[in-house]
Every structure is written in C-alpha cells, then in structure tokens.
$ cat model29.txt   # compact mmCIF, C-alpha atoms
# COMPACT_ATOMS: atom_id res chain seq x y z
CA MET Y 1 74.35 114.65 83.96
CA LYS Y 2 76.63 113.08 81.34
CA ILE Y 3 80.16 112.77 82.71
CA ALA Y 4 83.22 111.75 80.70
CA CYS Y 5 86.81 111.07 81.69
CA LEU Y 6 89.83 112.10 79.62
CA GLY Y 7 92.81 109.76 79.40
CA TRP Y 8 96.30 109.60 77.89
CA GLY Y 9 98.10 106.87 79.83
CA SER Y 10 97.52 103.62 81.71
CA LEU Y 11 93.93 104.56 82.50
CA ILE Y 12 93.14 103.64 78.87
CA TRP Y 13 94.32 100.03 79.07
CA LYS Y 14 93.96 99.52 82.82
CA PRO Y 15 90.90 101.46 84.10
CA GLY Y 16 90.61 99.37 87.26
CA THR Y 17 87.50 100.28 89.21
CA LEU Y 18 86.75 103.44 87.23
CA PRO Y 19 83.04 103.03 86.30
CA LEU Y 20 83.25 103.21 82.50
CA ALA Y 21 80.01 103.21 80.51
CA SER Y 22 81.75 103.12 77.12
CA ASP Y 23 84.95 102.12 75.40
CA TRP Y 24 87.73 104.68 75.13
CA TYR Y 25 87.32 106.90 72.08
CA SER Y 26 90.33 108.37 70.30
CA ASP Y 27 88.74 111.66 69.22
CA GLY Y 28 89.17 113.64 72.43
CA PRO Y 29 90.35 117.23 72.68
CA ALA Y 30 93.95 118.18 71.96
CA LEU Y 31 95.96 118.72 75.15
CA PRO Y 32 99.65 119.36 75.93
CA VAL Y 33 100.75 115.92 77.11
CA GLU Y 34 104.29 114.61 77.55
CA PHE Y 35 106.15 111.73 79.22
CA SER Y 36 107.30 113.84 82.15
CA ARG Y 37 106.26 112.28 85.47
CA VAL Y 38 108.29 109.58 87.15
CA SER Y 39 105.56 107.54 88.78
CA ASP Y 40 105.72 105.63 92.03
CA LYS Y 41 106.39 102.43 90.02
CA GLY Y 42 109.21 104.03 88.03
CA GLU Y 43 107.68 104.54 84.60
CA LEU Y 44 107.90 107.91 82.89
CA ALA Y 45 104.18 108.57 82.74
CA THR Y 46 102.24 110.90 80.49
CA VAL Y 47 100.85 114.02 82.16
CA ILE Y 48 99.60 117.41 81.12
CA CYS Y 49 102.72 119.47 80.56
CA LEU Y 50 101.95 123.06 79.62
CA ASN Y 51 105.08 123.59 77.51
CA ALA Y 52 104.43 120.48 75.38
CA PRO Y 53 102.76 120.46 71.97
CA SER Y 54 99.16 119.25 72.04
CA VAL Y 55 98.12 115.73 71.07
CA GLN Y 56 94.63 114.34 70.71
CA VAL Y 57 93.70 112.45 73.89
CA TYR Y 58 91.19 109.70 74.60
CA TRP Y 59 87.86 109.90 76.42
CA ALA Y 60 85.19 107.58 77.82
CA MET Y 61 81.75 108.07 79.28
CA LEU Y 62 81.28 107.17 82.94
CA GLU Y 63 78.42 105.12 84.39
CA THR Y 64 77.62 107.66 87.06
CA ASP Y 65 75.81 110.97 86.76
CA ASP Y 66 77.16 112.10 90.14
CA LEU Y 67 80.22 114.30 89.62
CA GLN Y 68 81.57 113.81 93.15
CA LEU Y 69 81.28 110.04 92.80
CA ALA Y 70 83.13 110.22 89.46
CA VAL Y 71 85.92 112.31 91.00
CA THR Y 72 86.20 109.91 93.94
CA ALA Y 73 86.38 106.90 91.61
CA LEU Y 74 89.16 108.49 89.54
CA ARG Y 75 90.99 109.57 92.69
CA GLU Y 76 90.85 105.97 93.99
CA ARG Y 77 91.97 104.49 90.66
CA GLU Y 78 94.93 106.88 90.53
CA LYS Y 79 95.68 106.46 94.27
CA ILE Y 80 95.56 110.24 94.78
CA PRO Y 81 94.91 111.24 98.41
CA ALA Y 82 91.68 113.16 98.99
CA ASN Y 83 93.61 116.07 100.52
CA ARG Y 84 95.67 116.57 97.35
CA GLU Y 85 93.82 119.34 95.52
CA ASP Y 86 95.87 119.29 92.30
CA GLY Y 87 95.36 115.58 91.54
CA ILE Y 88 92.05 115.68 89.67
CA GLY Y 89 90.92 118.15 87.04
CA MET Y 90 87.25 118.88 86.62
CA LEU Y 91 85.18 121.00 84.26
CA ARG Y 92 81.44 121.66 84.28
CA VAL Y 93 80.40 122.41 80.73
CA GLN Y 94 77.95 125.12 79.72
CA PRO Y 95 75.88 124.31 76.58
CA SER Y 96 77.23 127.41 74.82
CA ALA Y 97 80.83 126.69 75.84
CA GLN Y 98 83.63 127.53 73.49
CA GLY Y 99 87.35 126.91 73.65
CA ASN Y 100 89.40 123.77 73.30
CA ILE Y 101 88.13 121.48 76.07
CA ALA Y 102 84.76 123.03 76.91
CA GLY Y 103 83.78 123.47 73.26
CA TRP Y 104 84.78 119.90 72.47
CA ALA Y 105 82.73 118.59 75.42
CA ALA Y 106 79.67 120.71 74.56
CA GLY Y 107 79.85 119.41 71.00
CA HIS Y 108 79.70 115.84 72.35
CA GLY Y 109 76.78 116.51 74.71
CA ILE Y 110 78.99 116.11 77.77
CA ASP Y 111 77.99 118.03 80.92
CA ALA Y 112 81.18 117.48 82.94
CA LEU Y 113 84.73 116.22 82.37
CA ILE Y 114 87.25 114.80 84.78
CA TRP Y 115 90.91 113.90 84.27
CA THR Y 116 94.07 113.10 86.19
CA ALA Y 117 95.85 116.37 86.85
CA LEU Y 118 99.06 115.30 88.55
CA PRO Y 119 101.94 117.58 87.56
CA PRO Y 120 105.26 116.57 86.00
CA ARG Y 121 107.75 115.12 88.48
CA PHE Y 122 111.40 114.39 87.92
CA ALA Y 123 114.34 113.72 90.24
CA GLY Y 124 111.82 113.64 93.09
CA VAL Y 125 110.72 117.25 92.47
CA GLU Y 126 107.02 117.92 91.86
CA GLY Y 127 106.60 120.29 88.92
CA MET Y 128 110.06 119.60 87.47
CA ILE Y 129 109.96 118.80 83.76
CA PRO Y 130 112.85 116.73 82.42
CA SER Y 131 114.41 117.59 79.09
CA ALA Y 132 114.15 114.91 76.41
CA GLU Y 133 117.79 113.97 77.07
CA GLU Y 134 117.19 113.75 80.83
CA ALA Y 135 114.15 111.55 80.18
CA LEU Y 136 116.22 109.29 77.92
CA ASP Y 137 119.04 109.09 80.48
CA TYR Y 138 116.51 108.22 83.19
CA LEU Y 139 115.01 105.40 81.13
CA ARG Y 140 118.48 104.10 80.19
CA SER Y 141 119.42 104.04 83.90
CA LEU Y 142 116.64 101.63 84.84
CA GLY Y 143 117.32 97.95 85.27
CA GLY Y 144 115.49 94.69 85.87
CA ASP Y 145 111.78 94.72 86.67
CA GLU Y 146 111.66 98.51 86.88
CA ARG Y 147 113.03 98.82 83.35
CA ALA Y 148 110.65 96.14 82.06
CA HIS Y 149 107.69 97.93 83.67
CA ALA Y 150 108.72 101.36 82.34
CA PHE Y 151 109.26 100.06 78.79
CA ASP Y 152 105.97 98.13 78.91
CA TYR Y 153 104.22 101.40 79.81
CA LEU Y 154 105.85 103.16 76.84
CA ARG Y 155 104.74 100.39 74.49
CA GLN Y 156 101.14 100.44 75.72
CA VAL Y 157 100.51 104.18 75.43
CA PRO Y 158 98.51 104.45 72.18
CA GLU Y 159 100.55 105.52 69.15
CA GLN Y 160 98.19 108.46 68.67
CA LEU Y 161 99.94 110.04 71.65
CA THR Y 162 103.16 110.62 69.74
CA THR Y 163 105.03 113.39 71.50
CA PRO Y 164 108.53 114.78 70.96
CA TYR Y 165 109.84 112.66 73.87
CA ARG Y 166 108.19 109.53 72.51
CA ARG Y 167 109.87 110.09 69.14
CA ALA Y 168 113.21 110.38 70.96
CA PHE Y 169 112.51 107.19 72.92
CA GLN Y 170 111.64 105.32 69.74
CA GLN Y 171 114.79 106.57 68.04
CA HIS Y 172 117.23 105.87 70.88
CA LEU Y 173 115.78 103.00 72.93
CA ASP Y 174 115.02 99.38 72.09
CA LEU Y 175 111.23 99.59 72.36
$ encode --input "model29.txt" --output "structure tokens"
Amino acid sequence: MKIACLGWGSLIWKPGTLPLASDWYSDGPALPVEFSRVSDKGELATVICLNAPSVQVYWAMLETDDLQLAVTALREREKIPANREDGIGMLRVQPSAQGNIAGWAAGHGIDALIWTALPPRFAGVEGMIPSAEEALDYLRSLGGDERAHAFDYLRQVPEQLTTPYRRAFQQHLDL
C-alpha cells in the first residue's frame, strides 16, 4: 500500500519522527487552508478551514505501507491524543476515484492519504475561526519569545500557501 501525507504547515520543514520516504512535493491537491488555529505554542497555524479559498498543499510519501502505523506516527508528531477522533484525516483511495483529493491521489498512484485534521481554534474555542482583523490583532498582541516563534512560523510556511490572511499579515506586519 502506498501511503502519502498531506502538509501545509510546520510538518513540511519539521517532520520530526514522521517516517518520510520522499521529499515534500508542492503539487498536492487544492484544499481550503487558512491561518486560523492558535496552537499550544502561540503561533497562528494553518489548518483546513472550510470557508477559506483553496490553495495547493504539499505531500510526501511515507516509508510505511501500514495505514495504522502511519496514522499513529502522524498523531505522535502532532501530539494529538489517541482518543481525539477529529485530529487525523484519512482517505483510502479507490483506483477509479474522482473528486478533488481522491482523484488527485489516484492519479499519483497513492492508495491512502493522511493529514492533520485539527479544527480552527481562536480565543480558546475549538472550531472558532478568527476574522482576518482578529488574526492580525492577535499577532500584534504577542510579545517576546511567543511573538518571535509565531512570526518565525509565518515566515517558514511556503509562499505557495498564500491565503487571504497571509496577504493581510504581509501587508500589516513586519515579517
């Protein structure tokens, strides 16, 4: 079984123990991603955000052909508890699959896909999506190491992932 992982944030430049069998490729499927999750370390992380315009994401092949092992490795890398059902997305691909993600995967000979599926989170509320202005105000409010970490994250997300919020950050913040 050929398993790939989709990525759009720190997983790309900091995969940790995720068992990658390839580099990250920039020709992944288009998904609605936005900077809309305040992470545990304070950065405004990229997550799937259903009301966002789609951007082309990254993907990499994994060294394992065991889907459960792949899911566990991603769960560990992302520090998502095993009992949290919404943390990891998974798709088994049929050879005749059509549609955005499944069709893309079938066209690349991929049998299964996994990805981080944590929802937006803002002001401590899971599922809450900040407006662009709220996101800007949040980033402006950070200081010291937390600000440095959050801005470093924004700088490292590949330019290909240019979203409406990112354009606002670039226009109004000293990145």
$ closest_residue --input "model29.txt" --among "Y:Trp104, Y:Phe151, Y:Trp115, Y:Phe35" --to "Leu18 in chain Y" --atoms "all atoms listed in the file"
Y:Trp115
$ atom_distance --input "model29.txt" --atom1 "CA of Val93 in chain Y" --atom2 "CA of Gly127 in chain Y"
27.5 Å
$ axis_aligned_box --input "model29.txt" --around "range 91-99 of chain Y" --padding-each-side "8 Å" --output "JSON"
{"center_x": 81.6, "center_y": 124.3, "center_z": 78.9, "size_x": 27.5, "size_y": 22.5, "size_z": 26.8}
$ residues_near_point --input "model29.txt" --point "(111.4, 116.8, 89.0)" --cutoff "12 Å" --atoms "all atoms listed in the file" --output "ChimeraX atom specification"
/Y:36-39,44,119-131,134-135,138
$ atom_distance --input "model29.txt" --atom1 "CA of Ala117 in chain Y" --atom2 "CA of Leu173 in chain Y"
27.7 Å
$ residues_around --input "model29.txt" --residues "Val71 in chain Y" --least-positions-apart "3" --cutoff "12 Å" --atoms "all atoms listed in the file" --output "ChimeraX atom specification"
/Y:3-5,18-19,62,64-68,74-82,85,87-91,112-117
$ closest_residue --input "model29.txt" --among "Y:Ala132, Y:Gly28, Y:Asp145, Y:Glu34" --to "Ile101 in chain Y" --atoms "all atoms listed in the file"
Y:Gly28
$ atom_distance --input "model29.txt" --atom1 "CA of Lys41 in chain Y" --atom2 "CA of Ser26 in chain Y"
26.1 Å
$ closest_residue --input "model29.txt" --among "Y:Asp111, Y:Asp23, Y:Glu43, Y:Glu159" --to "Gly143 in chain Y" --atoms "all atoms listed in the file"
Y:Glu43
$ closest_residue --input "model29.txt" --among "Y:Lys2, Y:Val47, Y:Ala70, Y:Pro53" --to "Ile110 in chain Y" --atoms "all atoms listed in the file"
Y:Lys2
$ closest_residue --input "model29.txt" --among "Y:Met1, Y:Ala30, Y:Leu50, Y:Leu142" --to "Gln94 in chain Y" --atoms "all atoms listed in the file"
Y:Met1
$ closest_atom_pairs --input "model29.txt" --of "range 109-160 of chain Y" --to "range 10-17 of chain Y" --cutoff "12 Å" --atoms "all atoms listed in the file" --output "Markdown table"
| residue | atom | partner | partner_atom | distance |
| --- | --- | --- | --- | --- |
| Y:Trp115 | CA | Y:Leu11 | CA | 10.0 |
| Y:Thr116 | CA | Y:Leu11 | CA | 9.3 |
| Y:His149 | CA | Y:Ser10 | CA | 11.8 |
| Y:Ala150 | CA | Y:Ser10 | CA | 11.4 |
| Y:Asp152 | CA | Y:Ser10 | CA | 10.5 |
| Y:Tyr153 | CA | Y:Ser10 | CA | 7.3 |
| Y:Leu154 | CA | Y:Ser10 | CA | 9.7 |
| Y:Arg155 | CA | Y:Ser10 | CA | 10.7 |
| Y:Gln156 | CA | Y:Trp13 | CA | 7.6 |
| Y:Val157 | CA | Y:Ser10 | CA | 7.0 |
| Y:Pro158 | CA | Y:Ile12 | CA | 8.6 |
$ residues_around --input "model29.txt" --residues "Val57 in chain Y" --least-positions-apart "2" --cutoff "10 Å" --atoms "all atoms listed in the file" --output "PDB file with C-alpha atoms, keeping the file's coordinate frame"
ATOM      1  CA  LEU Y   6      89.830 112.100  79.620  1.00  0.00           C
ATOM      2  CA  GLY Y   7      92.810 109.760  79.400  1.00  0.00           C
ATOM      3  CA  TRP Y   8      96.300 109.600  77.890  1.00  0.00           C
ATOM      4  CA  GLY Y   9      98.100 106.870  79.830  1.00  0.00           C
ATOM      5  CA  TRP Y  24      87.730 104.680  75.130  1.00  0.00           C
ATOM      6  CA  TYR Y  25      87.320 106.900  72.080  1.00  0.00           C
ATOM      7  CA  SER Y  26      90.330 108.370  70.300  1.00  0.00           C
ATOM      8  CA  ASP Y  27      88.740 111.660  69.220  1.00  0.00           C
ATOM      9  CA  GLY Y  28      89.170 113.640  72.430  1.00  0.00           C
ATOM     10  CA  PRO Y  29      90.350 117.230  72.680  1.00  0.00           C
ATOM     11  CA  ALA Y  30      93.950 118.180  71.960  1.00  0.00           C
ATOM     12  CA  LEU Y  31      95.960 118.720  75.150  1.00  0.00           C
ATOM     13  CA  PRO Y  32      99.650 119.360  75.930  1.00  0.00           C
ATOM     14  CA  VAL Y  33     100.750 115.920  77.110  1.00  0.00           C
ATOM     15  CA  SER Y  54      99.160 119.250  72.040  1.00  0.00           C
ATOM     16  CA  VAL Y  55      98.120 115.730  71.070  1.00  0.00           C
ATOM     17  CA  TRP Y  59      87.860 109.900  76.420  1.00  0.00           C
ATOM     18  CA  PRO Y 158      98.510 104.450  72.180  1.00  0.00           C
ATOM     19  CA  GLN Y 160      98.190 108.460  68.670  1.00  0.00           C
ATOM     20  CA  LEU Y 161      99.940 110.040  71.650  1.00  0.00           C
TER      21      LEU Y 161
END
$ closest_residue --input "model29.txt" --among "Y:Gly107, Y:Leu139, Y:Glu63, Y:Gly144" --to "Leu175 in chain Y" --atoms "only C-alpha atoms"
Y:Leu139
